[in-house]
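Visitor: Handing you a structure now.
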Amino acid sequence: MKKSLAKVLSLILALALTFALFTACGKKDEDAKEKGSKGTQSQDSGDKADKDGSGKSAGKFLIGGVGPLTGPAAVYGTHVEKGASIAVKEINAAGGINGYQIEFNFEDDEHDPEKAVNAYNTLKDWGMQISLGAVTSNPCKAVAAETAKDNMFMLTPSGSATDCIAYDNGFQVCFSDPNQGTASADYINEKNLAKKVAVIYDSSIVYSSGIYQKFAERAKDCNFEIVAAEAFTSDSNTDFSVQLQKAKDSGAELVFLPIYYNEATLILTQADALGYDPIFFGCDGLDGILAVENFDTSLAEDVLLLTPFAADAEDEATKKFVSDFKTAYGEIPNQFAADAYDAMYILKAAIEKAGVTPDMSISDICEALKVAMTQISVDGLTSAGMTWKATGEVNKSPLAVAIKNGAYVSVQ
Amino acid sequence: MAKYLSKLSKSTRSNLYTVTAILAAYIIFTVLIATGNMSNLLQGLLIQIFYYAILAISLNLTVGILGELSLGHAGFMCIGAFTSAFFSKCTVDIITITWIRFTIALIIGAISAAIFGAFIGFVVLRLRGDYLAIVTLAFGEIIKNVINVLYIGIDQSGFKFSVKDSVSLNLGEGGQAIMNGPQGIFGTPNDTNLTICVFLLILFYIIISNLVNSRSGRAIMAIRDNRIAAESIGINITKFKLLAFTISAAMAGVAGTLFSHNITILDSKKFGYNQSIMILVFVVLGGIGNIRGSIIAAAILTLLPEYLRFLENYRMLIYAVVLIIIMIINWNPTCIAWRKKYSIRNLLSAINKKKEA
């Protein structure tokens, strides 16, 4: 009898505690806003006084991004965060957008769609008005679906799969995977680079298999033939001698590598050991190959790649961005950082065009920006004169870059 | 009330408490959501908590009740998730009534996972202990990797399969690749809601606790405690092991279905070794064989990493430390002794004794 009384009591107590916990969470909305802004990159210090006064971040655009800051894909997430932060600092220092400052907050998703949605919800609790989507493809698809539900404007810097912009509120800064595949096939076709082409790709990642699919589809209408299509997976990405031998035996004059640079260095080294010297052709994933430690850069000589950004390009904007990035973070930015930097300026251009203000509702901002995006043209680091279709796809010209004497040189 | 409760058997009473607690929590959540007092993060997490809880109790059936260590539980979840998502994606325009479609999807998820569970169980349950753990681990990885290279498309002429790439599907005009290898399945309808999750959790809780107290459950536990003794009194070892393993797999399949219909993009990367270990951590933290504990552990460990976000870069580091501390507090003998000494029940009885004296 007493025992059961104690049990009932402890049950009630437990319930009361749970209740307290969750009501506390309800109040979190405002707490979170303040907490969130502590961790943000907004640099102005007068900001604090303003917040204590109004209690809300009115008069500010709250922009949130999601990406991997931990785990194997962390390098992409951290570069996007840093690239975007630099742009935010510059824009805020120059007086903000239409006089409104920006606050930027970035959350970790561990390169997992489920966690990406959690991160997106965290940002929503913080008060996010515009989303930078997610950095990597599959998490970005999940976040895109959530933004579509909330009708929040989304501009992903680097989510390159087509499904990332499956909804009409989503836009891309980077090339979509299909575009890269088609552009590569067209480039090889136009320049008559080869008659027989081999492809080595990573079938376990979306980026690589996505480009390969479109490349193969396009190749049917081109003047070259795919003689070997060899796949590997992230579990077997150390030995490529079988794939290379097949490519060599099939007489391919050009090897297309729609993969990331760390595997590409191994392929180049192993091809050299085999005495196989075709033209190697890659996409933006190869960007960064020269920075790999212990890699003999002479092996990468004459490698061609289609990439929107090369850190040692000679134009003013790139030089300034690279030196700012180096001073702030002590490393050389990659293409992801450049995409994120551009994303902020694209948002700025779109917001100025649409004339939206931070006190508008999330849905109204989205509707206005959707229209504005199709009307603007932005000169960024990754391309000049970027324009957008209503589908969300970016229209920019891929830049063909060759590696000569250990440096990226653009080819016309 | 208390009199009535004391008449019930101990296990029924304990079950009643758990079910009441889940229901009460559900009512509180619904009220909070309806009045707009719950953060977006928590609303999203609630459904995750419930399907992880289902996963945890289903694995607890294998690990705690059957006493076999399975490291491939995410594989069954994967099967359920993909088969049901595939079904929903194909029929989203044909069956427009959500609850009918989702019910069928749940059944498909459960049955397909059960079939694989029975098949794998038939092969591997001949092994014991570490050997079984290693083979289940391998099976989990096999399932993940097979799905990773599977391409299935649909066009006018019907379904087309490939294990090479989506180009070789040769889809006709208007064709659509449904399962796209590493890109997985995109655009599964979001049919999962809190009510169905709560309903299924309670249902599975009752099924497992009834199973444990049934004739079959006693047989299963007899096998766990002493296999030779169980065999000597004529218990059909293979049959009961297979029974528990298949039920466990079917429940994981349902959890997979809830998972895949909660998120728009489904890829097989999610169902690797780490996920299996994560589910095992829920079970170990909640107490092996303790069904209620699994539910609580799943809830805590799903909430914890999200509510540690304010730690920024140190988040996962602190998460690991917190996990170790919780494990020690929960299972270190000294800690258990301390907890018993200062438990609410003891304090209450001490107060009562004083009063009597």
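By order of appearance in the structure tokens: chains A, B, ..., then residues from 1 within every chain, and ligands from 1 in the order shown.
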Residues of chain B within 7 Å of chain A, counting only C-alpha atoms, what are they? List them as a list in words.
Guide: Ala2, Ser6, Asn37, Met38, Ser39, Asn40, Leu41, Gly44, Asn148, Ser166, Val167, Pro182, Gln183, Ile263, Thr264, Ile265 and Arg345 of chain B
Visitor: Would you pick out the contacts of Ala271 in chain A at 9 Å or less, using only C-alpha atoms, so that residues sharing its chain but fewer than 6 positions from it are not included, and give the list as a CSV table (one decimal) with all heavy atoms, in the first residue's frame?
Guide:
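The file below, around.csv, is the result:
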chain,number,residue,atom,x,y,z
A,240,PHE,N,43.4,2.6,-57.3
A,240,PHE,CA,42.7,2.8,-58.6
A,240,PHE,C,43.4,2.1,-59.7
A,240,PHE,O,43.1,2.4,-60.9
A,240,PHE,CB,42.6,4.3,-58.8
A,240,PHE,CG,41.9,5.0,-57.8
A,240,PHE,CD1,42.5,5.7,-56.8
A,240,PHE,CD2,40.5,5.0,-57.8
A,240,PHE,CE1,41.8,6.4,-55.8
A,240,PHE,CE2,39.8,5.7,-56.8
A,240,PHE,CZ,40.4,6.4,-55.8
A,241,SER,N,44.3,1.2,-59.4
A,241,SER,CA,45.1,0.6,-60.5
A,241,SER,C,44.2,-0.2,-61.5
A,241,SER,O,44.4,-0.2,-62.7
A,241,SER,CB,46.2,-0.3,-60.0
A,241,SER,OG,45.7,-1.1,-59.0
A,244,LEU,N,42.3,2.3,-63.7
A,244,LEU,CA,43.2,3.0,-64.6
A,244,LEU,C,43.7,2.0,-65.7
A,244,LEU,O,43.8,2.4,-66.9
A,244,LEU,CB,44.5,3.5,-63.9
A,244,LEU,CG,44.2,4.8,-63.1
A,244,LEU,CD1,45.3,5.1,-62.1
A,244,LEU,CD2,44.0,6.0,-64.1
A,245,GLN,N,43.9,0.7,-65.3
A,245,GLN,CA,44.3,-0.3,-66.3
A,245,GLN,C,43.2,-0.4,-67.3
A,245,GLN,O,43.5,-0.5,-68.5
A,245,GLN,CB,44.6,-1.6,-65.6
A,245,GLN,CG,45.4,-2.6,-66.4
A,245,GLN,CD,46.7,-2.1,-66.9
A,245,GLN,OE1,47.5,-1.6,-66.0
A,245,GLN,NE2,47.0,-2.2,-68.1
A,277,ASP,N,49.5,8.3,-69.6
A,277,ASP,CA,49.4,9.8,-69.6
A,277,ASP,C,48.4,10.3,-70.5
A,277,ASP,O,48.7,11.0,-71.5
A,277,ASP,CB,50.8,10.3,-70.0
A,277,ASP,CG,50.9,11.8,-69.8
A,277,ASP,OD1,50.2,12.3,-68.9
A,277,ASP,OD2,51.7,12.4,-70.5
A,278,PRO,N,47.1,10.2,-70.2
A,278,PRO,CA,46.0,10.8,-71.0
A,278,PRO,C,45.8,12.2,-70.5
A,278,PRO,O,46.5,12.7,-69.6
A,278,PRO,CB,44.8,9.9,-70.6
A,278,PRO,CG,45.1,9.5,-69.2
A,278,PRO,CD,46.6,9.5,-69.0
Visitor: Using only C-alpha atoms, which of the listed residues (A:Val173, A:Leu304, A:Ala74, A:Ala84) sits closest to Asp379 in chain A?
Guide: A:Val173
Visitor: Check range 39-114 of chain B with DSSP on the backbone and list each residue it calls alpha helix (DSSP H), as a PyMOL selection string.
Guide: chain B and resi 40-60+73-91+98-114
Visitor: Hey, what's within 12 Å of Tyr345 in chain A if we count only C-alpha atoms and toss same-chain stuff fewer than 5 positions away? As an MDAnalysis selection string, please?
Guide: chainID A and resid 83:92 96:97 102 155 157 173 338:340 350:352 376:382 386
Visitor: Using the chain letters and numbers from this document, which residues of range 177-329 of chain A does DSSP assign to strand (DSSP E or B), as a ChimeraX atom specification?
Guide: /A:196-202,225-232,254-257,279-282,304-307
Visitor: Just the selected residues (C-alpha atoms), exported as a compact mmCIF listing (two decimals), in the first residue's frame, please.
Guide:
# COMPACT_ATOMS: atom_id res chain seq x y z
CA LYS A 196 37.70 8.00 -76.59
CA VAL A 197 36.89 8.99 -73.04
CA ALA A 198 37.09 7.03 -69.79
CA VAL A 199 35.30 8.08 -66.62
CA ILE A 200 36.36 7.24 -63.08
CA TYR A 201 33.76 8.30 -60.53
CA ASP A 202 32.64 7.73 -56.96
CA GLU A 225 32.58 7.91 -77.02
CA ILE A 226 32.73 6.72 -73.41
CA VAL A 227 34.85 3.59 -73.63
CA ALA A 228 35.10 2.88 -69.92
CA ALA A 229 33.04 4.02 -66.94
CA GLU A 230 34.66 2.77 -63.77
CA ALA A 231 33.18 3.36 -60.36
CA PHE A 232 34.64 3.24 -56.89
CA LEU A 254 41.01 11.51 -71.92
CA VAL A 255 40.02 10.51 -68.41
CA PHE A 256 37.11 12.42 -66.91
CA LEU A 257 37.29 12.72 -63.11
CA ILE A 279 44.45 14.21 -70.60
CA PHE A 280 42.84 14.43 -67.17
CA PHE A 281 39.70 16.50 -67.01
CA GLY A 282 37.79 17.36 -63.85
CA LEU A 304 42.04 20.63 -67.06
CA LEU A 305 39.19 21.57 -64.77
CA LEU A 306 35.93 23.43 -65.04
CA THR A 307 35.64 25.49 -61.90
Visitor: What lies within 7 Å of Lys404 in chain A using only C-alpha atoms, ignoring chain neighbours under 4 positions off, as a ChimeraX atom specification?
Guide: /A:301-302,408-409
Visitor: Skip range 284-288 of chain A itself and residues of its chain fewer than 4 positions away, then list as a ChimeraX atom specification all residues within 9 Å of it, counting only C-alpha atoms.
Guide: /A:180,207-208,257-262,264,292,305-311,334-335
Visitor: Write the selection just made, keeping all heavy atoms, as a short mmCIF file (atom, residue, chain, number, x, y, z; two decimals), in the first residue's frame?
Guide:
data_model
loop_
_atom_site.label_atom_id
_atom_site.label_comp_id
_atom_site.auth_asym_id
_atom_site.auth_seq_id
_atom_site.Cartn_x
_atom_site.Cartn_y
_atom_site.Cartn_z
N GLN A 180 27.15 20.76 -64.58
CA GLN A 180 28.59 20.50 -64.66
C GLN A 180 28.87 19.35 -65.61
O GLN A 180 29.81 19.38 -66.39
CB GLN A 180 29.14 20.15 -63.28
CG GLN A 180 29.09 21.29 -62.33
CD GLN A 180 30.12 21.11 -61.24
OE1 GLN A 180 31.24 20.68 -61.51
NE2 GLN A 180 29.77 21.45 -60.03
N TYR A 207 27.34 13.92 -55.49
CA TYR A 207 28.01 14.87 -56.37
C TYR A 207 28.57 14.17 -57.59
O TYR A 207 28.29 14.51 -58.74
CB TYR A 207 29.11 15.56 -55.56
CG TYR A 207 30.13 16.34 -56.37
CD1 TYR A 207 29.81 17.60 -56.85
CD2 TYR A 207 31.39 15.83 -56.62
CE1 TYR A 207 30.73 18.32 -57.58
CE2 TYR A 207 32.31 16.54 -57.34
CZ TYR A 207 31.99 17.79 -57.82
OH TYR A 207 32.91 18.49 -58.54
N SER A 208 29.38 13.13 -57.33
CA SER A 208 30.09 12.46 -58.41
C SER A 208 29.14 11.68 -59.32
O SER A 208 29.21 11.80 -60.55
CB SER A 208 31.12 11.53 -57.79
OG SER A 208 31.97 11.03 -58.76
N LEU A 257 37.29 12.99 -64.56
CA LEU A 257 37.29 12.72 -63.11
C LEU A 257 36.30 13.64 -62.38
O LEU A 257 36.70 14.68 -61.86
CB LEU A 257 38.69 12.94 -62.53
CG LEU A 257 39.86 12.14 -63.12
CD1 LEU A 257 41.17 12.61 -62.52
CD2 LEU A 257 39.66 10.65 -62.85
N PRO A 258 35.02 13.29 -62.34
CA PRO A 258 34.08 14.14 -61.61
C PRO A 258 34.11 13.83 -60.12
O PRO A 258 33.11 13.44 -59.53
CB PRO A 258 32.73 13.75 -62.23
CG PRO A 258 32.91 12.35 -62.66
CD PRO A 258 34.35 12.13 -62.95
N ILE A 259 35.27 13.98 -59.50
CA ILE A 259 35.45 13.55 -58.11
C ILE A 259 36.12 14.66 -57.31
O ILE A 259 36.42 15.72 -57.85
CB ILE A 259 36.31 12.27 -58.03
CG1 ILE A 259 37.61 12.49 -58.80
CG2 ILE A 259 35.55 11.08 -58.58
CD1 ILE A 259 38.58 11.34 -58.68
N TYR A 260 36.36 14.40 -56.04
CA TYR A 260 37.07 15.37 -55.20
C TYR A 260 38.57 15.17 -55.31
O TYR A 260 39.06 14.11 -55.69
CB TYR A 260 36.61 15.25 -53.75
CG TYR A 260 35.22 15.76 -53.54
CD1 TYR A 260 34.22 14.95 -53.03
CD2 TYR A 260 34.90 17.07 -53.89
CE1 TYR A 260 32.93 15.43 -52.85
CE2 TYR A 260 33.62 17.56 -53.72
CZ TYR A 260 32.64 16.74 -53.20
OH TYR A 260 31.38 17.22 -53.02
N TYR A 261 39.29 16.22 -54.94
CA TYR A 261 40.72 16.25 -55.24
C TYR A 261 41.55 15.22 -54.49
O TYR A 261 42.56 14.76 -54.98
CB TYR A 261 41.29 17.65 -55.05
CG TYR A 261 41.14 18.20 -53.65
CD1 TYR A 261 42.01 17.84 -52.64
CD2 TYR A 261 40.12 19.10 -53.35
CE1 TYR A 261 41.86 18.34 -51.37
CE2 TYR A 261 39.97 19.60 -52.08
CZ TYR A 261 40.84 19.22 -51.09
OH TYR A 261 40.69 19.70 -49.83
N ASN A 262 41.12 14.82 -53.27
CA ASN A 262 41.98 13.89 -52.53
C ASN A 262 42.13 12.54 -53.23
O ASN A 262 43.20 11.96 -53.26
CB ASN A 262 41.53 13.69 -51.07
CG ASN A 262 40.06 13.95 -50.89
OD1 ASN A 262 39.33 14.08 -51.86
ND2 ASN A 262 39.62 14.01 -49.66
N ALA A 264 41.67 12.28 -56.50
CA ALA A 264 42.31 12.60 -57.77
C ALA A 264 43.84 12.56 -57.66
O ALA A 264 44.52 12.11 -58.58
CB ALA A 264 41.86 13.97 -58.26
N VAL A 292 47.34 20.02 -51.82
CA VAL A 292 47.44 18.77 -51.06
C VAL A 292 48.89 18.53 -50.64
O VAL A 292 49.80 18.65 -51.44
CB VAL A 292 46.93 17.59 -51.92
CG1 VAL A 292 47.10 16.28 -51.17
CG2 VAL A 292 45.49 17.80 -52.28
N LEU A 305 40.38 21.66 -65.61
CA LEU A 305 39.19 21.57 -64.77
C LEU A 305 38.24 22.71 -65.03
O LEU A 305 38.67 23.82 -65.33
CB LEU A 305 39.54 21.47 -63.28
CG LEU A 305 40.46 22.44 -62.61
CD1 LEU A 305 40.00 22.70 -61.21
CD2 LEU A 305 41.88 21.92 -62.59
N LEU A 306 36.95 22.40 -64.93
CA LEU A 306 35.93 23.43 -65.04
C LEU A 306 35.59 23.84 -63.63
O LEU A 306 35.06 23.06 -62.87
CB LEU A 306 34.68 22.87 -65.71
CG LEU A 306 34.71 22.57 -67.20
CD1 LEU A 306 33.33 22.15 -67.65
CD2 LEU A 306 35.18 23.77 -67.98
N THR A 307 35.92 25.08 -63.27
CA THR A 307 35.64 25.49 -61.90
C THR A 307 35.22 26.95 -61.90
O THR A 307 35.65 27.72 -62.76
CB THR A 307 36.86 25.28 -61.00
OG1 THR A 307 36.56 25.78 -59.71
CG2 THR A 307 38.09 25.98 -61.54
N PRO A 308 34.34 27.32 -61.00
CA PRO A 308 33.93 28.72 -60.98
C PRO A 308 34.92 29.63 -60.24
O PRO A 308 34.82 30.83 -60.33
CB PRO A 308 32.60 28.68 -60.24
CG PRO A 308 32.67 27.47 -59.41
CD PRO A 308 33.57 26.51 -60.06
N PHE A 309 35.86 29.03 -59.51
CA PHE A 309 36.70 29.87 -58.65
C PHE A 309 38.10 29.30 -58.54
O PHE A 309 38.28 28.11 -58.32
CB PHE A 309 36.07 29.95 -57.25
CG PHE A 309 36.90 30.70 -56.25
CD1 PHE A 309 36.99 32.08 -56.30
CD2 PHE A 309 37.60 30.01 -55.26
CE1 PHE A 309 37.74 32.76 -55.37
CE2 PHE A 309 38.36 30.70 -54.33
CZ PHE A 309 38.44 32.08 -54.38
N ALA A 310 39.09 30.14 -58.74
CA ALA A 310 40.47 29.74 -58.49
C ALA A 310 41.08 30.77 -57.56
O ALA A 310 41.02 31.97 -57.83
CB ALA A 310 41.24 29.67 -59.79
N ALA A 311 41.63 30.29 -56.45
CA ALA A 311 42.08 31.21 -55.40
C ALA A 311 43.23 32.10 -55.86
O ALA A 311 43.45 33.17 -55.30
CB ALA A 311 42.48 30.43 -54.15
N ASN A 334 38.52 27.94 -50.32
CA ASN A 334 38.21 27.13 -51.49
C ASN A 334 36.95 27.66 -52.15
O ASN A 334 36.41 28.69 -51.75
CB ASN A 334 38.12 25.65 -51.13
CG ASN A 334 36.99 25.37 -50.15
OD1 ASN A 334 36.09 26.19 -49.97
ND2 ASN A 334 37.05 24.23 -49.50
N GLN A 335 36.46 26.90 -53.12
CA GLN A 335 35.32 27.36 -53.91
C GLN A 335 34.06 27.50 -53.05
O GLN A 335 33.23 28.36 -53.31
CB GLN A 335 35.15 26.34 -55.02
CG GLN A 335 33.89 26.42 -55.79
CD GLN A 335 33.34 25.03 -55.95
OE1 GLN A 335 34.10 24.06 -55.94
NE2 GLN A 335 32.05 24.93 -56.10
#
Visitor: Determine, counting only C-alpha atoms, which protein, DNA and RNA residues have an atom within 10 Å of an atom of range 105-117 of chain B; residues of the same chain fewer than 4 positions away are not included. Present the result as a PyMOL selection string.
Guide: chain B and resi 73+75-88+91+99-101+121-123+143+191+242-258+261
Visitor: Between A:Glu103, A:Asp235, A:Glu81, A:Asp150, which has the minimum distance to Asn145 in chain B (counting only C-alpha atoms)?
Guide: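 Smallest separation from Asn145 in chain B among the options: A:Asp235.
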Visitor: In Å, how far is it from CA of Tyr100 in chain A to CA of Gly59 in chain A?
Guide: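 Separation between CA of Tyr100 in chain A and CA of Gly59 in chain A: 5.9 Å.
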Visitor: Have a look at B:Leu169, B:Leu125, B:Ala229, B:Ala298 and name the one nearest to Leu66 in chain B; count only C-alpha atoms.
Guide: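 The answer is B:Leu125, which sits nearest to Leu66 in chain B.
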Visitor: I'd like to know which of A:Val322, A:Cys366, A:Val394, A:Ile267 is closest to Ser160 in chain A, using only C-alpha atoms.
Guide: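 Ranked by minimum distance to Ser160 in chain A, first place goes to A:Val394.
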Visitor: Have a look at B:Phe204, B:Phe29, B:Tyr307, B:Tyr151 and name the one nearest to Asn15 in chain B; count only C-alpha atoms.
Guide: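 With only C-alpha atoms as the atom set, the closest residue is B:Phe204.
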